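K.L.:
There's a structure below that I have some questions on.
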Protein chains: 2
Amino acid sequence: MNDFESPIGPPLIGALLRAPLDTIRARMVADLHDAGFTDIVPAHFAVFRYPPPDGRRPSDCAAGAGMTRQAMGYLLGQLEQLDYLTREDDPADQRSKRIYFTKRGFAVAQTIREAVRKIEADLETELGPEQFAQLRELLVKLNDTDTIRGQRPRPPTAPSASP
Amino acid sequence: MNDFESPIGPPLIGALLRAPLDTIRARMVADLHDAGFTDIVPAHFAVFRYPPPDGRRPSDCAAGAGMTRQAMGYLLGQLEQLDYLTREDDPADQRSKRIYFTKRGFAVAQTIREAVRKIEADLETELGPEQFAQLRELLVKLNDTDTIRGQRPRPPTAPSASP
DNA sequence: CGTAGATTGTCAAGCGATTTGACAACCGTA
DNA sequence: TACGGTTGTCAAATCGCTTGACAATCTACG
């Protein structure tokens with residue numbers, strides 16, 4: 001029996017998404033720890049995100065992660081000091097910087113990808129290749145939905161008044 | 001074009017789960033705010049969780065949410081002061097307490113459920129009833145997987161030595 | 001051109017959620 | 001009855017993040 005049989009109706013999507021994500025994140029940090037990257041903490045996942053920030057500007061990273069530039073700067077400062085990335089001047093814009101992964105940074109990104117792939121392999125074994133492929137496909141479609149795409153990460157500020 | 005076409009392979013499950021969950025959480029707080037529960041913040045979702053904590057012990061809630069008893073106590077203290085729940089003595093155990101929702105607490109839980117149902121309705125419209133049903137079913141199976149069920153939320157402590 | 005407004009990164013201060021540490025009260029069991 | 005484990009809580013500290021302010025720079029428009 002799973003946790004989702006209850007008197008209040010069918011399982012809610014929110015709960016169904018949370019548990020797997022928690023597991024994945026936990027295994028990501030565990031694998032990073034095992035690989036020797038013990039100074040990477042979950043907060044840094046805002047930087048090591050899907051579209052890798054290599055060559056991007058801190059400001060864009062902040063917007064993409066849905067946080068303020070200051071918060072992103074805080075994380076980037078940590079990761080720079082730990083030799084995971086560098087912030088170099090943008091030749092095209094004196095104000096701006098560009099983020100570049102170091103060797104260590106690329107290694108972390110690689111380790112994260114491998115961790116997720118390992119989980120995916122486990123899930124593929126448990127669910128069977130067809131169901132797993134179907135699940136991934138449906139999740140891609142879900143992410144491509146207006147309902148999801150519309151409400152993408154936005155910095156907690158920006159009240160977006162209607163003119 | 002969606003964000004998941006990239007040179008590094010198929011979309012990673014982690015990223016596919018994160019975006020929808022972020023959207024759902026954002027809409028949950030928005031709907032709660034609109035319903036007048038302006039003092040509920042995302043942190044409280046650790047309490048208003050899927051198996052509702054009504055009648056449960058704070059310690060079990062903490063374990064279920066993967067946080068320390070102190071952190072859970074902090075949140076429960078807030079919610080008690082805001083009249084969303086009460087902590088009453090457990091008649092069977094003098095040390096322990098039991099959590100009971102107040103009317104307001106039940107209203108919050110109801111509002112959350114309705115918010116998610118609304119999102120589900122939107123998604124059902126966009127994906128079509130069959131695909132949406134399939135997605136939910138696959139997510140249930142995913143949650144029932146050993147890979148997911150095994151690594152359920154655990155308090156950040158407990159190093160679990162092996163002897 | 002030149003200047004007004006927006007953008008970028010950063011310093012500083014503060015807050016809130018969470019952790020660690022310690023502790024008294026209580027339970028279960030030997 | 002003594003003892004190890006559990007429960008809730010007080011206190012202090014940490015950490016991720018926000019708000020606020022600011023100089024430097026870019027951009028658009030007169």
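Each chain in the structure tokens gets a letter, A, B and so on, in the order shown; residues start at 1 in every chain, and ligands are counted from 1 in the order they appear.
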Compute the chain B side of the contact with chain C at 9 Å, counting only C-alpha atoms (C1' of nucleotides), and hand it back as number ranges by chain.
P.N.:
B: 43, 67-68, 70-71, 74-75, 93-96, 156
K.L.:
For the selection you just gave me, I'd like the residues written to a file as an mmCIF file, in the first residue's frame, keeping C-alpha atoms.
P.N.:
data_model
loop_
_atom_site.group_PDB
_atom_site.id
_atom_site.type_symbol
_atom_site.label_atom_id
_atom_site.label_comp_id
_atom_site.auth_asym_id
_atom_site.auth_seq_id
_atom_site.Cartn_x
_atom_site.Cartn_y
_atom_site.Cartn_z
ATOM 1 C CA ALA B 43 7.391 27.080 4.824
ATOM 2 C CA MET B 67 13.356 18.223 9.357
ATOM 3 C CA THR B 68 14.281 18.440 13.022
ATOM 4 C CA GLN B 70 12.865 21.979 16.653
ATOM 5 C CA ALA B 71 12.147 23.280 13.160
ATOM 6 C CA TYR B 74 8.873 26.465 15.303
ATOM 7 C CA LEU B 75 6.344 26.156 12.467
ATOM 8 C CA ASP B 93 1.942 9.605 26.581
ATOM 9 C CA GLN B 94 2.709 12.414 28.992
ATOM 10 C CA ARG B 95 5.725 13.541 26.985
ATOM 11 C CA SER B 96 3.927 13.812 23.719
ATOM 12 C CA PRO B 156 19.327 16.013 8.113
#
K.L.:
Would you kindly report the residues of chain B within 9 Å of chain A, using only C-alpha atoms, as JSON, numbers by chain?
P.N.:
{"B": [1, 2, 3, 4, 6, 11, 12, 13, 14, 15, 16, 17, 18, 19, 20, 21, 22, 23, 24, 25, 26, 27, 49, 50, 51, 113, 116, 117, 119, 120, 122, 123, 126, 127, 131, 132, 134, 135, 136, 138, 139, 140, 141, 142, 143, 144, 145, 146, 147, 148, 149, 150, 151, 152, 153]}
K.L.:
Can you tell me which residues surround Thr86 in chain B at a distance of at most 9 Å, considering only C-alpha atoms (C1' of nucleotides), apart from same-chain residues fewer than 6 positions away, and format the answer as a list in words?
P.N.:
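Here the answer would be Leu76, Gly77, Leu79, Glu80, Arg98, Ile99, Tyr100, Phe101 and Thr102 of chain B.
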K.L.:
Return the single residue from D:DT19, D:DT7, D:DT1, D:DT14 that is closest to chain B, with distances computed using only C-alpha atoms (C1' of nucleotides).
P.N.:
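Between D:DT19, D:DT7, D:DT1, D:DT14, the residue approaching chain B most closely is D:DT7.
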K.L.:
Given a cut-off of 12 Å, which residues of chain D touch chain A, counting only C-alpha atoms (C1' of nucleotides), written out as a PyMOL selection string?
P.N.:
chain D and resi 15-20+23-27
K.L.:
Write out the residues from the selection above, keeping N, CA and C atoms (P, O5', C5', C4', C3', O3' and C1' of nucleotides), as a PDB file, in the first residue's frame.
P.N.:
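Contents of selection12.pdb, as written:
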ATOM      1  P    DC D  15      27.191  28.668   7.981  1.00  0.00           P
ATOM      2  O5'  DC D  15      26.092  28.325   6.875  1.00  0.00           O
ATOM      3  C5'  DC D  15      24.864  27.735   7.281  1.00  0.00           C
ATOM      4  C4'  DC D  15      23.749  28.111   6.335  1.00  0.00           C
ATOM      5  C3'  DC D  15      24.206  28.832   5.067  1.00  0.00           C
ATOM      6  O3'  DC D  15      23.357  28.435   4.022  1.00  0.00           O
ATOM      7  C1'  DC D  15      22.694  30.201   6.214  1.00  0.00           C
ATOM      8  P    DG D  16      23.975  28.352   2.519  1.00  0.00           P
ATOM      9  O5'  DG D  16      22.726  28.761   1.620  1.00  0.00           O
ATOM     10  C5'  DG D  16      21.492  28.126   1.844  1.00  0.00           C
ATOM     11  C4'  DG D  16      20.363  29.114   1.694  1.00  0.00           C
ATOM     12  C3'  DG D  16      20.376  29.922   0.398  1.00  0.00           C
ATOM     13  O3'  DG D  16      19.129  29.756  -0.233  1.00  0.00           O
ATOM     14  C1'  DG D  16      20.120  31.350   2.266  1.00  0.00           C
ATOM     15  P    DC D  17      18.890  30.356  -1.709  1.00  0.00           P
ATOM     16  O5'  DC D  17      18.257  31.788  -1.395  1.00  0.00           O
ATOM     17  C5'  DC D  17      17.058  31.859  -0.637  1.00  0.00           C
ATOM     18  C4'  DC D  17      16.803  33.267  -0.182  1.00  0.00           C
ATOM     19  C3'  DC D  17      16.877  34.331  -1.265  1.00  0.00           C
ATOM     20  O3'  DC D  17      15.551  34.659  -1.678  1.00  0.00           O
ATOM     21  C1'  DC D  17      17.771  35.057   0.837  1.00  0.00           C
ATOM     22  P    DT D  18      15.343  35.915  -2.707  1.00  0.00           P
ATOM     23  O5'  DT D  18      14.981  37.131  -1.740  1.00  0.00           O
ATOM     24  C5'  DT D  18      13.942  36.977  -0.780  1.00  0.00           C
ATOM     25  C4'  DT D  18      13.795  38.253   0.037  1.00  0.00           C
ATOM     26  C3'  DT D  18      13.649  39.502  -0.837  1.00  0.00           C
ATOM     27  O3'  DT D  18      12.451  40.201  -0.501  1.00  0.00           O
ATOM     28  C1'  DT D  18      15.425  39.767   0.755  1.00  0.00           C
ATOM     29  P    DT D  19      11.972  41.431  -1.426  1.00  0.00           P
ATOM     30  O5'  DT D  19      12.565  42.723  -0.671  1.00  0.00           O
ATOM     31  C5'  DT D  19      12.217  42.971   0.684  1.00  0.00           C
ATOM     32  C4'  DT D  19      13.058  44.108   1.236  1.00  0.00           C
ATOM     33  C3'  DT D  19      13.032  45.408   0.404  1.00  0.00           C
ATOM     34  O3'  DT D  19      12.718  46.490   1.260  1.00  0.00           O
ATOM     35  C1'  DT D  19      15.254  44.776   0.883  1.00  0.00           C
ATOM     36  P    DG D  20      12.365  47.923   0.652  1.00  0.00           P
ATOM     37  O5'  DG D  20      13.805  48.645   0.699  1.00  0.00           O
ATOM     38  C5'  DG D  20      14.532  48.661   1.920  1.00  0.00           C
ATOM     39  C4'  DG D  20      15.868  49.366   1.729  1.00  0.00           C
ATOM     40  C3'  DG D  20      15.874  50.489   0.690  1.00  0.00           C
ATOM     41  O3'  DG D  20      16.443  51.649   1.286  1.00  0.00           O
ATOM     42  C1'  DG D  20      17.685  49.027   0.311  1.00  0.00           C
ATOM     43  P    DA D  23      26.823  56.947  -5.204  1.00  0.00           P
ATOM     44  O5'  DA D  23      28.010  56.409  -6.123  1.00  0.00           O
ATOM     45  C5'  DA D  23      29.011  55.574  -5.539  1.00  0.00           C
ATOM     46  C4'  DA D  23      29.638  54.700  -6.609  1.00  0.00           C
ATOM     47  C3'  DA D  23      30.055  55.457  -7.868  1.00  0.00           C
ATOM     48  O3'  DA D  23      31.263  54.897  -8.379  1.00  0.00           O
ATOM     49  C1'  DA D  23      28.446  53.829  -8.436  1.00  0.00           C
ATOM     50  P    DA D  24      31.978  55.590  -9.610  1.00  0.00           P
ATOM     51  O5'  DA D  24      31.623  54.614 -10.830  1.00  0.00           O
ATOM     52  C5'  DA D  24      32.115  53.290 -10.808  1.00  0.00           C
ATOM     53  C4'  DA D  24      31.509  52.495 -11.943  1.00  0.00           C
ATOM     54  C3'  DA D  24      31.711  53.116 -13.328  1.00  0.00           C
ATOM     55  O3'  DA D  24      32.363  52.166 -14.170  1.00  0.00           O
ATOM     56  C1'  DA D  24      29.439  52.502 -12.998  1.00  0.00           C
ATOM     57  P    DT D  25      32.826  52.572 -15.598  1.00  0.00           P
ATOM     58  O5'  DT D  25      31.563  52.186 -16.489  1.00  0.00           O
ATOM     59  C5'  DT D  25      31.132  50.848 -16.520  1.00  0.00           C
ATOM     60  C4'  DT D  25      29.771  50.754 -17.158  1.00  0.00           C
ATOM     61  C3'  DT D  25      29.702  51.239 -18.613  1.00  0.00           C
ATOM     62  O3'  DT D  25      29.609  50.102 -19.445  1.00  0.00           O
ATOM     63  C1'  DT D  25      27.773  51.797 -17.346  1.00  0.00           C
ATOM     64  P    DC D  26      29.809  50.272 -21.009  1.00  0.00           P
ATOM     65  O5'  DC D  26      28.295  50.314 -21.508  1.00  0.00           O
ATOM     66  C5'  DC D  26      27.561  49.104 -21.508  1.00  0.00           C
ATOM     67  C4'  DC D  26      26.086  49.419 -21.621  1.00  0.00           C
ATOM     68  C3'  DC D  26      25.637  49.883 -23.013  1.00  0.00           C
ATOM     69  O3'  DC D  26      24.705  48.955 -23.528  1.00  0.00           O
ATOM     70  C1'  DC D  26      24.708  51.244 -21.301  1.00  0.00           C
ATOM     71  P    DT D  27      24.282  48.983 -25.035  1.00  0.00           P
ATOM     72  O5'  DT D  27      22.978  49.890 -25.027  1.00  0.00           O
ATOM     73  C5'  DT D  27      21.950  49.607 -24.095  1.00  0.00           C
ATOM     74  C4'  DT D  27      20.807  50.584 -24.271  1.00  0.00           C
ATOM     75  C3'  DT D  27      20.580  51.057 -25.708  1.00  0.00           C
ATOM     76  O3'  DT D  27      19.190  51.014 -25.975  1.00  0.00           O
ATOM     77  C1'  DT D  27      20.801  52.912 -24.265  1.00  0.00           C
TER      78       DT D  27
END
K.L.:
Can you list, as a list of chain:residue names, all residues belonging to range 11-109 of chain B that DSSP tags as strand (DSSP E or B)?
P.N.:
B:Leu85, B:Thr86, B:Arg87, B:Glu88, B:Asp89, B:Lys97, B:Arg98, B:Ile99, B:Tyr100, B:Phe101
K.L.:
What does the distance between CA of Gly73 in chain B and CA of Val29 in chain A come to in Å, to one decimal place?
P.N.:
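Atom-to-atom, CA of Gly73 in chain B and CA of Val29 in chain A are spaced 26.3 Å apart.
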K.L.:
Using CA of Ala35 in chain A and CA of Ala107 in chain A as the two end points, give the distance in Å to one decimal.
P.N.:
9.5 Å
